[in-house]
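A.B. asks: Provided herewith is a single structure, encoded as structure tokens, for subsequent inquiry.
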Amino acid sequence: MADYLKRGRPAAEQARDDAKVRATVETTLSDIEARGDAALRELSEKFDGYSPASFRLSEAEIEALIGELSARELADIKFAQDQVRRFAEAQRASMLDIEIETMPGVILGHRNIPVQSVGCYVPGGKFPMVASAHMSVATASVAGVERIIAATPPFQGRPNPGVIAAMHLGGAHEIYVMGGIQAVGAMALGTETIAPVHMLVGPGNAFVAEAKRQLFGRVGIDLFAGPTETLVIADETVDGEICATDLLGQAEHGYDSPAILLTTSRALAEATLAEIDRILAILPTAGTAGASWRDHGEVIVCADHDEMLSLANEIASEHVQVMTDRDDWYLEHMSAYGALFLGPRTNVAYGDKVIGTNHTLPTRKAGRYTGGLWVGKFLKTHSYQKVLSDEASALIGEYGSRLCMLEGFVGHAEQCNLRVRRYGGVNVPYGTGVPPREAKG
């Protein structure tokens, strides 16, 4: 039986917060749809204190911002993008168009076609999320998306050079400096100056995640990527310092970032709690990380690895850091998560910033039914079919006719019957299925 040494906020409190977010987002999106650019400007002034002549950056503005970066900073951005592109290109190469002849004269196939236009949201109000531009913009570029627009909030009153450089180098065709609900709403709904996109991607806070949820259907979305979550699964093979560091390293994302430790070692659990107190006393981002840990941190001692696995699959965390004597066992048996980080030599920050896998991942248990953002999210798999011979059309038509009548679709059956008459020479009375005794197949 799992023993909780520390629990997070009750679920009922979170549900009340969620209801307030839903109402705010619904009102804001309606305002953007009704008033377009005017609403966008008012929201930007209210929430970001930012009201430029144009929210879209010009080429000259982009180049000037990139020019503010040092050679080292620019090289580091390019290195990270190279890793992301290399993995995305390998993923794209695995997605093949196919065409097969399922029976003589019947050809079936599918093609993987890029989404035509995508809006990439890159968070940046609290921290300039340079890496998020690689994950969305560069990956969309590898997929072959024709129009990629990117939006990010101002950072400390102006566009952040690192984020803008990453967007530009990643392949964004249009770059806008706007944040939150207003950015997501403007990209999806369109305004007088922003043409709407077909799909929204990228992480964000609870308001951004809820805006994407409410806009889903109007546009496609990658997934519901809300506040960062991290789960550390550890046994006595590691120590409290590494567990505490990996928990707080993700808790600093925001005030609502769950960080959970599952362990079979009570000694490790207690050591981790002590290390968290020590690190929070010296961590520059303790104001954020400490709040997340206070309200959303949990430490759970389990009887064995089977119990840890069961709880981990139930939690379905966005990030799962595994540091045990059987890491590959978890790789084999974990079924619900965003991404796995196996062994103490890796960590979530590697995935967030540089190693090459995509860091836009499912949260709030969405890992039970979807993986994270990847090049395939920007591709639509469309099927096609063609029939090359009279004999094949008549044979498929005979079966199709009877199956349509089985369901009561007489008009559907006539589509089949017409081909049986025309290509098979069988006189099928109107509004009936092809009798089995007349079938030539």
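Chain lettering (A, B, ...) mirrors the order of the structure tokens, residue numbering begins at 1 for each chain separately, and ligand numbering begins at 1 in order of display.
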If we count only C-alpha atoms, what is near Gly338 in chain A at a cut-off of 7 Å, once residues fewer than 6 positions away on the same chain are taken out, given as a count of residues only?
C.D. replies: 8
A.B. asks: Could you pull out the helix (DSSP H, G or I) residues of range 167-274 of chain A from DSSP and send them as a PyMOL selection string?
C.D. replies: chain A and resi 167-170+180-189+206-215+240-251+266-274
A.B. asks: So how far away is CA of Arg111 in chain A from CA of Cys404 in chain A, in Å?
C.D. replies: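 Going from CA of Cys404 in chain A over to CA of Arg111 in chain A, I get 27.6 Å.
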A.B. asks: For CA of Tyr176 in chain A and CA of Gly124 in chain A, determine how far apart the two atoms are, in Å to one decimal place.
C.D. replies: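 CA of Gly124 in chain A lies 12.6 Å from CA of Tyr176 in chain A.
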A.B. asks: Taking only C-alpha atoms into account, name the residue in A:Gly202, A:Leu189, A:Arg85, A:Ser310 that is nearest to Gly217 in chain A.
C.D. replies: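 Ranking A:Gly202, A:Leu189, A:Arg85, A:Ser310 by distance to Gly217 in chain A, first place goes to A:Leu189.
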A.B. asks: Please provide as a list in words all residues within 6 Å of range 26-40 of chain A, with the sequence filter that same-chain residues fewer than 3 positions apart are discarded (counting only C-alpha atoms).
C.D. replies: Ala23, Leu43, Gln182, Gly185 and Thr191 of chain A
A.B. asks: Compile the contact shell of range 53-66 of chain A as a ChimeraX atom specification: residues with an atom at most 7 Å away, counting only C-alpha atoms, same-chain residues fewer than 5 positions apart removed.
C.D. replies: /A:161,164-165,175-178
A.B. asks: Can you tell me, as a ChimeraX atom specification, what residues are no more than 9 Å from Arg364 in chain A when counting only C-alpha atoms, ignoring any on the same chain fewer than 6 positions away?
C.D. replies: /A:224-227,229,315-318
A.B. asks: Measuring between only C-alpha atoms, which one of A:Gly356, A:Gly376, A:Gly408, A:Gly220 shows the shortest distance to Gly119 in chain A?
C.D. replies: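 With only C-alpha atoms as the atom set, the closest residue is A:Gly220.
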A.B. asks: Within 9 Å of His253 in chain A, counting only C-alpha atoms, which residues show up once you throw out same-chain ones fewer than 2 positions away? Write them as a ChimeraX atom specification, please.
C.D. replies: /A:126-127,227-228,249-251,255-257,288-289,292
A.B. asks: Would you work out the distance separating CA of Leu262 in chain A from CA of Ile300 in chain A, expressed in Å to one decimal?
C.D. replies: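 For CA of Leu262 in chain A relative to CA of Ile300 in chain A, the distance reads 5.0 Å.
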A.B. asks: Using only C-alpha atoms, which residues sit within 6 Å of range 430-435 of chain A once same-chain residues fewer than 5 positions away are excluded, as number ranges by chain?
C.D. replies: A: 398, 401-402, 405, 410
A.B. asks: Can you write just those residues out, N, CA, C and O atoms, as a compact mmCIF listing (two decimals), in the first residue's frame?
C.D. replies:
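Saved as part_0.txt:
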# COMPACT_ATOMS: atom_id res chain seq x y z
N GLU A 398 -20.77 -5.99 -56.40
CA GLU A 398 -21.71 -7.03 -55.95
C GLU A 398 -21.73 -7.13 -54.43
O GLU A 398 -22.80 -7.14 -53.81
N SER A 401 -23.12 -3.78 -52.92
CA SER A 401 -24.57 -3.64 -53.06
C SER A 401 -25.31 -4.34 -51.93
O SER A 401 -26.19 -3.77 -51.28
N ARG A 402 -24.92 -5.58 -51.68
CA ARG A 402 -25.62 -6.34 -50.64
C ARG A 402 -25.35 -5.76 -49.26
O ARG A 402 -26.25 -5.70 -48.40
N MET A 405 -27.52 -2.66 -48.73
CA MET A 405 -28.91 -3.02 -48.46
C MET A 405 -29.07 -3.58 -47.05
O MET A 405 -30.11 -3.39 -46.41
N VAL A 410 -30.31 2.45 -49.63
CA VAL A 410 -30.67 2.10 -51.01
C VAL A 410 -29.89 2.94 -52.01
O VAL A 410 -29.42 2.44 -53.04
A.B. asks: Which residue is closest to Val238 in chain A? Choose from A:Ser44, A:Gln91, A:Thr272, A:Thr139 and count only C-alpha atoms.
C.D. replies: A:Thr272
A.B. asks: Which residue out of A:Leu223, A:Ala269, A:Leu283, A:Met334 has the minimum interatomic distance to Thr370 in chain A when only C-alpha atoms are used?
C.D. replies: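 Checking each of A:Leu223, A:Ala269, A:Leu283, A:Met334 against Thr370 in chain A, counting only C-alpha atoms, the winner is A:Leu223.
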